[in-house]
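Notes to accompany the following structure.
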Amino acid sequence: MSFAEWLLSFALIVGAAVPLFGILRMLLVPFAIAFEFDDRRRRNRRHSRWQLLEAERERRTKRLHTDRDELVDARPRVTVVVPGYNESKVIDNCVRSIVNCGYPNLEVLLVDDGSSDDTFARMQRLEAEHEVVRAFTQPNGGKGAALNNGIRRASGEVLILVDADGLFLPDTIDELLAGFDDPRVGAVCGDDRPVNLDRVQTKFMALISHVGTGLMRRALHLLRCMPVVSGNSGAFRRSALEDVGLLREDTIGEDLELTWRLHRAGYRVSFAPRALVYAESPSTLRGLWKQRVRWARGLLHGYRIHAGAVGNPRYGSFGVFLLVNFAMSVVLPVVQLVLLAIALVLLAMGVGALVPLGVWQAVLWLGYPVSLLLIVIAVALNRALGDLKHLWALPLWPLYSVWMNMVMVKAIWLELRGAPQRWNKLERTGVVSVEAARSSASMDAEVTQ
């Protein structure tokens, strides 16, 4: 029994772990389903509270007292901060969708980050059109600097941070506020979904995003280890930001780092699955590669900054999550690529594995039905069964997984080289393929399929 045979067998086992991740994700399904039952209970309670509050108002008596901290009842001042760099194709629709929410106590702050196009001019026109909108400009300093500029100028008790291509639905703000149902909740993450479903790549991303956002975030919410408040659909309690500080401007993972800081300070981070924000997904392989490398570098920055929290029991389930996530998201991709290369070389040399290749092939193919089941469950939880029409793109998932491993290797290499940190925002297309998002922005053109 040669060393090469042992090595090939080991490489195949680890390689099979790519589709087997789907099986591991299945362990989170009960938590995601439990989230739905808990969410329904909270909604029923909130509906009853609204009825009582309306009765109280009609009788002109005192407001209903409660030990719960539901900001959606209090109608607090809300500030939406929208940073932008060369966003002329999307900024108008973004702002209109926010204003069209009709939230009664709202301000919208637009911060131009030294754009070279007419983004700031468009922001100024929007300011003139809408009383709640204010526009500012600054020298190019990056997304974190633009957001902090807006946060410092904000008057809201709750701050919502959204990218310039984000499209709100009429109830997005109310749904985000509903997530603050406990005074310990410092931030609420909404559900961001792709809006430009005009290419194979974006349709595939729309399909699998239900697993990563809808299903995983539901489970991680219950486990109290929500890893990130999305930079495109996140709401923060102002008092929490005053406690932990503003966004760091020396990292390209500013949203993730702030979320981890909130966890370490003892705040809870909630998920509001019905607080939908539609935004553009990368429409080219180059754009997707740049985006995911940036995200991977942001993850590495988070681990460097918060190394003391990894596996630390002081932070409960979040500390454990950081340790498991580091192994799965940083270490394993590198190991898998190395072993994949070794397996290919040994197979080319005619070396046989200790276990017949047919066994490993069966394990690999098992990933497809498991992945299909995960997607169906996730889509059902998100009440988006219409996206099942993109199931034909499912065979791309194994290739996508290997590609994401390569992304992490690239990110590690850039960090070791000390490569410059850049915003590297996506090139916007302005394509909107979701009718609900188009309606919320009062768009007149036809939906692009």
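Every chain in the structure tokens has a letter given in the order shown (A, B, ...), and although residue numbers restart at 1 in each chain, ligands are simply numbered from 1 in the order shown.
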
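Near region 73-80 of chain A, within 8 Å and counting only C-alpha atoms, sit Trp50, Glu70, Leu71, Val82, Pro104, Asn105, Leu106, Glu107, Val108, Leu109, Ala154, Ser155, Gly156, Glu157, Val158, Leu159, Ile160, Leu161 and Val162 of chain A; same-chain residues fewer than 2 positions away were not included.
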
Could you make a table, as CSV, of the residues of region 267-374 of chain A that have an atom within 12 Å of an atom of region 88-92 of chain A, each with its nearest atom pair and distance in Å to one decimal, counting only C-alpha atoms, in chain and number order?
residue,atom,partner,partner_atom,distance
A:Tyr278,CA,A:Val90,CA,11.9
A:Ala279,CA,A:Val90,CA,9.7
A:Glu280,CA,A:Val90,CA,9.6

How would the residues just chosen look if you wrote them out with all heavy atoms as a PDB file, in the first residue's frame?
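File result-v2.pdb, as written:
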ATOM      1  N   TYR A 278     -33.446  45.188  -3.045  1.00  0.00           N
ATOM      2  CA  TYR A 278     -32.944  44.616  -4.298  1.00  0.00           C
ATOM      3  C   TYR A 278     -31.762  45.439  -4.790  1.00  0.00           C
ATOM      4  O   TYR A 278     -31.796  46.672  -4.750  1.00  0.00           O
ATOM      5  CB  TYR A 278     -34.049  44.580  -5.348  1.00  0.00           C
ATOM      6  CG  TYR A 278     -35.079  43.514  -5.099  1.00  0.00           C
ATOM      7  CD1 TYR A 278     -36.212  43.785  -4.338  1.00  0.00           C
ATOM      8  CD2 TYR A 278     -34.915  42.237  -5.610  1.00  0.00           C
ATOM      9  CE1 TYR A 278     -37.164  42.804  -4.101  1.00  0.00           C
ATOM     10  CE2 TYR A 278     -35.861  41.249  -5.374  1.00  0.00           C
ATOM     11  CZ  TYR A 278     -36.980  41.537  -4.621  1.00  0.00           C
ATOM     12  OH  TYR A 278     -37.921  40.566  -4.377  1.00  0.00           O
ATOM     13  N   ALA A 279     -30.717  44.749  -5.249  1.00  0.00           N
ATOM     14  CA  ALA A 279     -29.518  45.438  -5.718  1.00  0.00           C
ATOM     15  C   ALA A 279     -28.871  44.633  -6.833  1.00  0.00           C
ATOM     16  O   ALA A 279     -29.166  43.447  -7.012  1.00  0.00           O
ATOM     17  CB  ALA A 279     -28.526  45.649  -4.570  1.00  0.00           C
ATOM     18  N   GLU A 280     -27.986  45.266  -7.558  1.00  0.00           N
ATOM     19  CA  GLU A 280     -27.347  44.600  -8.680  1.00  0.00           C
ATOM     20  C   GLU A 280     -26.348  43.548  -8.213  1.00  0.00           C
ATOM     21  O   GLU A 280     -25.564  43.779  -7.290  1.00  0.00           O
ATOM     22  CB  GLU A 280     -26.638  45.617  -9.576  1.00  0.00           C
ATOM     23  CG  GLU A 280     -27.593  46.483 -10.358  1.00  0.00           C
ATOM     24  CD  GLU A 280     -26.916  47.204 -11.516  1.00  0.00           C
ATOM     25  OE1 GLU A 280     -25.810  46.776 -11.924  1.00  0.00           O
ATOM     26  OE2 GLU A 280     -27.491  48.183 -12.014  1.00  0.00           O
TER      27      GLU A 280
END

Would you pick out the contacts of Lys410 (chain A) at 12 Å or less, using only C-alpha atoms, so that residues sharing its chain but fewer than 3 positions from it are not included, and give the list as a PDB file with all heavy atoms, in the first residue's frame?
ATOM      1  N   TRP A 289     -15.566  38.189  -9.679  1.00  0.00           N
ATOM      2  CA  TRP A 289     -14.255  37.877  -9.100  1.00  0.00           C
ATOM      3  C   TRP A 289     -13.769  39.036  -8.224  1.00  0.00           C
ATOM      4  O   TRP A 289     -13.360  38.832  -7.078  1.00  0.00           O
ATOM      5  CB  TRP A 289     -13.265  37.594 -10.215  1.00  0.00           C
ATOM      6  CG  TRP A 289     -11.856  37.390  -9.748  1.00  0.00           C
ATOM      7  CD1 TRP A 289     -10.868  38.324  -9.663  1.00  0.00           C
ATOM      8  CD2 TRP A 289     -11.272  36.162  -9.277  1.00  0.00           C
ATOM      9  NE1 TRP A 289      -9.708  37.773  -9.173  1.00  0.00           N
ATOM     10  CE2 TRP A 289      -9.931  36.444  -8.935  1.00  0.00           C
ATOM     11  CE3 TRP A 289     -11.759  34.867  -9.121  1.00  0.00           C
ATOM     12  CZ2 TRP A 289      -9.068  35.474  -8.455  1.00  0.00           C
ATOM     13  CZ3 TRP A 289     -10.894  33.890  -8.636  1.00  0.00           C
ATOM     14  CH2 TRP A 289      -9.574  34.199  -8.303  1.00  0.00           C
ATOM     15  N   LYS A 290     -13.851  40.249  -8.732  1.00  0.00           N
ATOM     16  CA  LYS A 290     -13.390  41.414  -7.971  1.00  0.00           C
ATOM     17  C   LYS A 290     -14.209  41.600  -6.703  1.00  0.00           C
ATOM     18  O   LYS A 290     -13.659  41.893  -5.636  1.00  0.00           O
ATOM     19  CB  LYS A 290     -13.472  42.668  -8.841  1.00  0.00           C
ATOM     20  CG  LYS A 290     -12.461  42.709  -9.972  1.00  0.00           C
ATOM     21  CD  LYS A 290     -12.713  43.878 -10.909  1.00  0.00           C
ATOM     22  CE  LYS A 290     -12.572  45.195 -10.217  1.00  0.00           C
ATOM     23  NZ  LYS A 290     -12.748  46.340 -11.163  1.00  0.00           N
ATOM     24  N   ARG A 292     -15.921  39.280  -4.960  1.00  0.00           N
ATOM     25  CA  ARG A 292     -15.694  38.229  -3.970  1.00  0.00           C
ATOM     26  C   ARG A 292     -14.277  38.275  -3.393  1.00  0.00           C
ATOM     27  O   ARG A 292     -14.076  37.931  -2.222  1.00  0.00           O
ATOM     28  CB  ARG A 292     -15.992  36.862  -4.588  1.00  0.00           C
ATOM     29  CG  ARG A 292     -17.450  36.712  -5.017  1.00  0.00           C
ATOM     30  CD  ARG A 292     -18.395  37.117  -3.885  1.00  0.00           C
ATOM     31  NE  ARG A 292     -19.743  37.398  -4.319  1.00  0.00           N
ATOM     32  CZ  ARG A 292     -20.746  36.552  -4.285  1.00  0.00           C
ATOM     33  NH1 ARG A 292     -20.555  35.328  -3.853  1.00  0.00           N
ATOM     34  NH2 ARG A 292     -21.936  36.919  -4.681  1.00  0.00           N
ATOM     35  N   VAL A 293     -13.306  38.697  -4.184  1.00  0.00           N
ATOM     36  CA  VAL A 293     -11.963  38.891  -3.627  1.00  0.00           C
ATOM     37  C   VAL A 293     -11.996  40.004  -2.584  1.00  0.00           C
ATOM     38  O   VAL A 293     -11.372  39.894  -1.518  1.00  0.00           O
ATOM     39  CB  VAL A 293     -10.943  39.205  -4.739  1.00  0.00           C
ATOM     40  CG1 VAL A 293      -9.616  39.675  -4.138  1.00  0.00           C
ATOM     41  CG2 VAL A 293     -10.708  37.974  -5.612  1.00  0.00           C
ATOM     42  N   ARG A 294     -12.742  41.076  -2.878  1.00  0.00           N
ATOM     43  CA  ARG A 294     -12.865  42.164  -1.899  1.00  0.00           C
ATOM     44  C   ARG A 294     -13.527  41.657  -0.627  1.00  0.00           C
ATOM     45  O   ARG A 294     -13.082  41.973   0.492  1.00  0.00           O
ATOM     46  CB  ARG A 294     -13.669  43.309  -2.504  1.00  0.00           C
ATOM     47  CG  ARG A 294     -13.772  44.527  -1.582  1.00  0.00           C
ATOM     48  CD  ARG A 294     -14.524  45.669  -2.230  1.00  0.00           C
ATOM     49  NE  ARG A 294     -15.959  45.428  -2.255  1.00  0.00           N
ATOM     50  CZ  ARG A 294     -16.675  45.243  -3.334  1.00  0.00           C
ATOM     51  NH1 ARG A 294     -16.088  45.219  -4.512  1.00  0.00           N
ATOM     52  NH2 ARG A 294     -17.991  45.038  -3.268  1.00  0.00           N
ATOM     53  N   TRP A 295     -14.585  40.874  -0.774  1.00  0.00           N
ATOM     54  CA  TRP A 295     -15.255  40.320   0.415  1.00  0.00           C
ATOM     55  C   TRP A 295     -14.314  39.412   1.199  1.00  0.00           C
ATOM     56  O   TRP A 295     -14.304  39.440   2.436  1.00  0.00           O
ATOM     57  CB  TRP A 295     -16.498  39.546  -0.009  1.00  0.00           C
ATOM     58  CG  TRP A 295     -17.627  40.386  -0.503  1.00  0.00           C
ATOM     59  CD1 TRP A 295     -17.640  41.757  -0.641  1.00  0.00           C
ATOM     60  CD2 TRP A 295     -18.918  39.939  -0.917  1.00  0.00           C
ATOM     61  NE1 TRP A 295     -18.850  42.181  -1.123  1.00  0.00           N
ATOM     62  CE2 TRP A 295     -19.661  41.094  -1.307  1.00  0.00           C
ATOM     63  CE3 TRP A 295     -19.523  38.693  -1.012  1.00  0.00           C
ATOM     64  CZ2 TRP A 295     -20.968  41.006  -1.772  1.00  0.00           C
ATOM     65  CZ3 TRP A 295     -20.836  38.613  -1.475  1.00  0.00           C
ATOM     66  CH2 TRP A 295     -21.546  39.752  -1.847  1.00  0.00           C
ATOM     67  N   ALA A 296     -13.562  38.586   0.484  1.00  0.00           N
ATOM     68  CA  ALA A 296     -12.644  37.668   1.158  1.00  0.00           C
ATOM     69  C   ALA A 296     -11.563  38.434   1.909  1.00  0.00           C
ATOM     70  O   ALA A 296     -11.190  38.068   3.032  1.00  0.00           O
ATOM     71  CB  ALA A 296     -12.022  36.710   0.149  1.00  0.00           C
ATOM     72  N   ARG A 297     -11.048  39.497   1.303  1.00  0.00           N
ATOM     73  CA  ARG A 297     -10.059  40.317   2.002  1.00  0.00           C
ATOM     74  C   ARG A 297     -10.681  40.989   3.224  1.00  0.00           C
ATOM     75  O   ARG A 297     -10.032  41.111   4.281  1.00  0.00           O
ATOM     76  CB  ARG A 297      -9.478  41.368   1.062  1.00  0.00           C
ATOM     77  CG  ARG A 297      -8.615  40.800  -0.062  1.00  0.00           C
ATOM     78  CD  ARG A 297      -7.895  41.901  -0.814  1.00  0.00           C
ATOM     79  NE  ARG A 297      -6.861  42.516   0.000  1.00  0.00           N
ATOM     80  CZ  ARG A 297      -6.152  43.571  -0.382  1.00  0.00           C
ATOM     81  NH1 ARG A 297      -6.394  44.157  -1.549  1.00  0.00           N
ATOM     82  NH2 ARG A 297      -5.216  44.065   0.404  1.00  0.00           N
ATOM     83  N   LEU A 300     -10.689  38.470   5.962  1.00  0.00           N
ATOM     84  CA  LEU A 300      -9.354  38.324   6.549  1.00  0.00           C
ATOM     85  C   LEU A 300      -9.018  39.505   7.457  1.00  0.00           C
ATOM     86  O   LEU A 300      -8.419  39.327   8.521  1.00  0.00           O
ATOM     87  CB  LEU A 300      -8.307  38.188   5.441  1.00  0.00           C
ATOM     88  CG  LEU A 300      -8.424  36.928   4.573  1.00  0.00           C
ATOM     89  CD1 LEU A 300      -7.432  36.987   3.421  1.00  0.00           C
ATOM     90  CD2 LEU A 300      -8.194  35.670   5.403  1.00  0.00           C
ATOM     91  N   VAL A 330     -11.535  29.925   5.404  1.00  0.00           N
ATOM     92  CA  VAL A 330     -10.169  30.379   5.127  1.00  0.00           C
ATOM     93  C   VAL A 330      -9.212  29.209   4.937  1.00  0.00           C
ATOM     94  O   VAL A 330      -8.469  29.154   3.944  1.00  0.00           O
ATOM     95  CB  VAL A 330      -9.664  31.302   6.262  1.00  0.00           C
ATOM     96  CG1 VAL A 330      -8.236  31.769   5.969  1.00  0.00           C
ATOM     97  CG2 VAL A 330     -10.589  32.505   6.435  1.00  0.00           C
ATOM     98  N   PRO A 333     -10.544  26.063   2.006  1.00  0.00           N
ATOM     99  CA  PRO A 333     -10.380  26.342   0.572  1.00  0.00           C
ATOM    100  C   PRO A 333      -8.955  26.136   0.076  1.00  0.00           C
ATOM    101  O   PRO A 333      -8.746  25.608  -1.022  1.00  0.00           O
ATOM    102  CB  PRO A 333     -10.812  27.808   0.447  1.00  0.00           C
ATOM    103  CG  PRO A 333     -11.785  28.001   1.557  1.00  0.00           C
ATOM    104  CD  PRO A 333     -11.242  27.180   2.685  1.00  0.00           C
ATOM    105  N   VAL A 334      -7.984  26.545   0.865  1.00  0.00           N
ATOM    106  CA  VAL A 334      -6.584  26.369   0.471  1.00  0.00           C
ATOM    107  C   VAL A 334      -6.233  24.889   0.437  1.00  0.00           C
ATOM    108  O   VAL A 334      -5.617  24.394  -0.521  1.00  0.00           O
ATOM    109  CB  VAL A 334      -5.651  27.126   1.446  1.00  0.00           C
ATOM    110  CG1 VAL A 334      -4.186  26.907   1.056  1.00  0.00           C
ATOM    111  CG2 VAL A 334      -5.994  28.609   1.464  1.00  0.00           C
ATOM    112  N   LEU A 337      -7.800  23.095  -2.651  1.00  0.00           N
ATOM    113  CA  LEU A 337      -7.149  23.363  -3.933  1.00  0.00           C
ATOM    114  C   LEU A 337      -5.820  22.630  -4.053  1.00  0.00           C
ATOM    115  O   LEU A 337      -5.472  22.099  -5.109  1.00  0.00           O
ATOM    116  CB  LEU A 337      -6.956  24.865  -4.114  1.00  0.00           C
ATOM    117  CG  LEU A 337      -8.208  25.670  -4.459  1.00  0.00           C
ATOM    118  CD1 LEU A 337      -7.870  27.140  -4.610  1.00  0.00           C
ATOM    119  CD2 LEU A 337      -8.862  25.146  -5.731  1.00  0.00           C
ATOM    120  N   TRP A 403     -14.320  27.809  -7.695  1.00  0.00           N
ATOM    121  CA  TRP A 403     -13.907  29.167  -8.017  1.00  0.00           C
ATOM    122  C   TRP A 403     -13.811  30.029  -6.764  1.00  0.00           C
ATOM    123  O   TRP A 403     -12.895  30.843  -6.626  1.00  0.00           O
ATOM    124  CB  TRP A 403     -14.899  29.769  -9.014  1.00  0.00           C
ATOM    125  CG  TRP A 403     -14.319  30.869  -9.847  1.00  0.00           C
ATOM    126  CD1 TRP A 403     -13.122  30.879 -10.491  1.00  0.00           C
ATOM    127  CD2 TRP A 403     -14.921  32.125 -10.124  1.00  0.00           C
ATOM    128  NE1 TRP A 403     -12.948  32.053 -11.176  1.00  0.00           N
ATOM    129  CE2 TRP A 403     -14.044  32.842 -10.972  1.00  0.00           C
ATOM    130  CE3 TRP A 403     -16.137  32.714  -9.773  1.00  0.00           C
ATOM    131  CZ2 TRP A 403     -14.319  34.114 -11.444  1.00  0.00           C
ATOM    132  CZ3 TRP A 403     -16.412  33.984 -10.266  1.00  0.00           C
ATOM    133  CH2 TRP A 403     -15.517  34.676 -11.085  1.00  0.00           C
ATOM    134  N   MET A 404     -14.738  29.841  -5.820  1.00  0.00           N
ATOM    135  CA  MET A 404     -14.692  30.581  -4.570  1.00  0.00           C
ATOM    136  C   MET A 404     -13.467  30.189  -3.731  1.00  0.00           C
ATOM    137  O   MET A 404     -12.913  31.007  -3.001  1.00  0.00           O
ATOM    138  CB  MET A 404     -15.970  30.357  -3.765  1.00  0.00           C
ATOM    139  CG  MET A 404     -17.202  31.037  -4.349  1.00  0.00           C
ATOM    140  SD  MET A 404     -17.069  32.847  -4.494  1.00  0.00           S
ATOM    141  CE  MET A 404     -16.668  33.015  -6.254  1.00  0.00           C
ATOM    142  N   ASN A 405     -13.041  28.943  -3.840  1.00  0.00           N
ATOM    143  CA  ASN A 405     -11.795  28.543  -3.181  1.00  0.00           C
ATOM    144  C   ASN A 405     -10.617  29.325  -3.756  1.00  0.00           C
ATOM    145  O   ASN A 405      -9.718  29.770  -3.028  1.00  0.00           O
ATOM    146  CB  ASN A 405     -11.559  27.049  -3.366  1.00  0.00           C
ATOM    147  CG  ASN A 405     -12.514  26.199  -2.546  1.00  0.00           C
ATOM    148  OD1 ASN A 405     -13.212  26.702  -1.671  1.00  0.00           O
ATOM    149  ND2 ASN A 405     -12.559  24.908  -2.833  1.00  0.00           N
ATOM    150  N   MET A 406     -10.622  29.494  -5.069  1.00  0.00           N
ATOM    151  CA  MET A 406      -9.566  30.258  -5.716  1.00  0.00           C
ATOM    152  C   MET A 406      -9.610  31.727  -5.292  1.00  0.00           C
ATOM    153  O   MET A 406      -8.565  32.385  -5.166  1.00  0.00           O
ATOM    154  CB  MET A 406      -9.697  30.130  -7.233  1.00  0.00           C
ATOM    155  CG  MET A 406      -9.504  28.713  -7.739  1.00  0.00           C
ATOM    156  SD  MET A 406      -9.949  28.513  -9.484  1.00  0.00           S
ATOM    157  CE  MET A 406      -8.734  29.566 -10.259  1.00  0.00           C
ATOM    158  N   VAL A 407     -10.809  32.233  -5.071  1.00  0.00           N
ATOM    159  CA  VAL A 407     -10.969  33.607  -4.589  1.00  0.00           C
ATOM    160  C   VAL A 407     -10.259  33.792  -3.253  1.00  0.00           C
ATOM    161  O   VAL A 407      -9.539  34.780  -3.044  1.00  0.00           O
ATOM    162  CB  VAL A 407     -12.467  33.955  -4.458  1.00  0.00           C
ATOM    163  CG1 VAL A 407     -12.673  35.162  -3.551  1.00  0.00           C
ATOM    164  CG2 VAL A 407     -13.069  34.232  -5.822  1.00  0.00           C
ATOM    165  N   TRP A 413      -3.189  35.841  -0.856  1.00  0.00           N
ATOM    166  CA  TRP A 413      -1.975  36.282  -1.541  1.00  0.00           C
ATOM    167  C   TRP A 413      -1.873  37.815  -1.551  1.00  0.00           C
ATOM    168  O   TRP A 413      -0.806  38.380  -1.293  1.00  0.00           O
ATOM    169  CB  TRP A 413      -1.957  35.738  -2.963  1.00  0.00           C
ATOM    170  CG  TRP A 413      -0.863  36.283  -3.839  1.00  0.00           C
ATOM    171  CD1 TRP A 413      -0.998  37.040  -4.958  1.00  0.00           C
ATOM    172  CD2 TRP A 413       0.556  36.101  -3.667  1.00  0.00           C
ATOM    173  NE1 TRP A 413       0.222  37.349  -5.488  1.00  0.00           N
ATOM    174  CE2 TRP A 413       1.200  36.789  -4.719  1.00  0.00           C
ATOM    175  CE3 TRP A 413       1.318  35.430  -2.714  1.00  0.00           C
ATOM    176  CZ2 TRP A 413       2.583  36.812  -4.840  1.00  0.00           C
ATOM    177  CZ3 TRP A 413       2.709  35.461  -2.845  1.00  0.00           C
ATOM    178  CH2 TRP A 413       3.329  36.138  -3.891  1.00  0.00           C
ATOM    179  N   LEU A 414      -2.983  38.497  -1.810  1.00  0.00           N
ATOM    180  CA  LEU A 414      -2.973  39.959  -1.809  1.00  0.00           C
ATOM    181  C   LEU A 414      -2.657  40.511  -0.426  1.00  0.00           C
ATOM    182  O   LEU A 414      -1.944  41.522  -0.299  1.00  0.00           O
ATOM    183  CB  LEU A 414      -4.326  40.487  -2.294  1.00  0.00           C
ATOM    184  CG  LEU A 414      -4.655  40.266  -3.767  1.00  0.00           C
ATOM    185  CD1 LEU A 414      -6.086  40.714  -4.067  1.00  0.00           C
ATOM    186  CD2 LEU A 414      -3.675  41.008  -4.665  1.00  0.00           C
ATOM    187  N   GLU A 415      -3.190  39.866   0.605  1.00  0.00           N
ATOM    188  CA  GLU A 415      -2.907  40.321   1.967  1.00  0.00           C
ATOM    189  C   GLU A 415      -1.442  40.114   2.327  1.00  0.00           C
ATOM    190  O   GLU A 415      -0.818  40.973   2.957  1.00  0.00           O
ATOM    191  CB  GLU A 415      -3.808  39.583   2.960  1.00  0.00           C
ATOM    192  CG  GLU A 415      -5.255  40.029   2.922  1.00  0.00           C
ATOM    193  CD  GLU A 415      -5.408  41.503   3.217  1.00  0.00           C
ATOM    194  OE1 GLU A 415      -5.014  41.937   4.320  1.00  0.00           O
ATOM    195  OE2 GLU A 415      -5.889  42.238   2.337  1.00  0.00           O
ATOM    196  N   LEU A 416      -0.871  38.981   1.926  1.00  0.00           N
ATOM    197  CA  LEU A 416       0.541  38.723   2.209  1.00  0.00           C
ATOM    198  C   LEU A 416       1.439  39.718   1.484  1.00  0.00           C
ATOM    199  O   LEU A 416       2.502  40.095   1.986  1.00  0.00           O
ATOM    200  CB  LEU A 416       0.904  37.286   1.801  1.00  0.00           C
ATOM    201  CG  LEU A 416       0.261  36.176   2.643  1.00  0.00           C
ATOM    202  CD1 LEU A 416       0.601  34.806   2.065  1.00  0.00           C
ATOM    203  CD2 LEU A 416       0.738  36.268   4.095  1.00  0.00           C
ATOM    204  N   ARG A 417       1.002  40.141   0.293  1.00  0.00           N
ATOM    205  CA  ARG A 417       1.767  41.124  -0.476  1.00  0.00           C
ATOM    206  C   ARG A 417       1.565  42.539   0.033  1.00  0.00           C
ATOM    207  O   ARG A 417       2.298  43.450  -0.354  1.00  0.00           O
ATOM    208  CB  ARG A 417       1.340  41.086  -1.946  1.00  0.00           C
ATOM    209  CG  ARG A 417       1.845  39.891  -2.734  1.00  0.00           C
ATOM    210  CD  ARG A 417       1.295  39.950  -4.152  1.00  0.00           C
ATOM    211  NE  ARG A 417       1.469  41.286  -4.726  1.00  0.00           N
ATOM    212  CZ  ARG A 417       0.689  41.814  -5.659  1.00  0.00           C
ATOM    213  NH1 ARG A 417      -0.361  41.120  -6.102  1.00  0.00           N
ATOM    214  NH2 ARG A 417       0.939  43.008  -6.146  1.00  0.00           N
ATOM    215  N   ALA A 419      -1.128  44.323  -0.683  1.00  0.00           N
ATOM    216  CA  ALA A 419      -1.710  45.044  -1.816  1.00  0.00           C
ATOM    217  C   ALA A 419      -2.630  46.156  -1.323  1.00  0.00           C
ATOM    218  O   ALA A 419      -3.252  46.039  -0.263  1.00  0.00           O
ATOM    219  CB  ALA A 419      -2.484  44.075  -2.708  1.00  0.00           C
TER     220      ALA A 419
END

| task | Could you give me the residues within region 38-187 of chain A that DSSP places in strand (DSSP E or B), as a PyMOL selection string? | result | chain A and resi 78-84+106-113+133-138+158-161+167-168+185-187

| task | Could you jot down the CA of Phe136 (chain A) to CA of Asp118 (chain A) separation for me, Å, one decimal place? | result | 13.3 Å
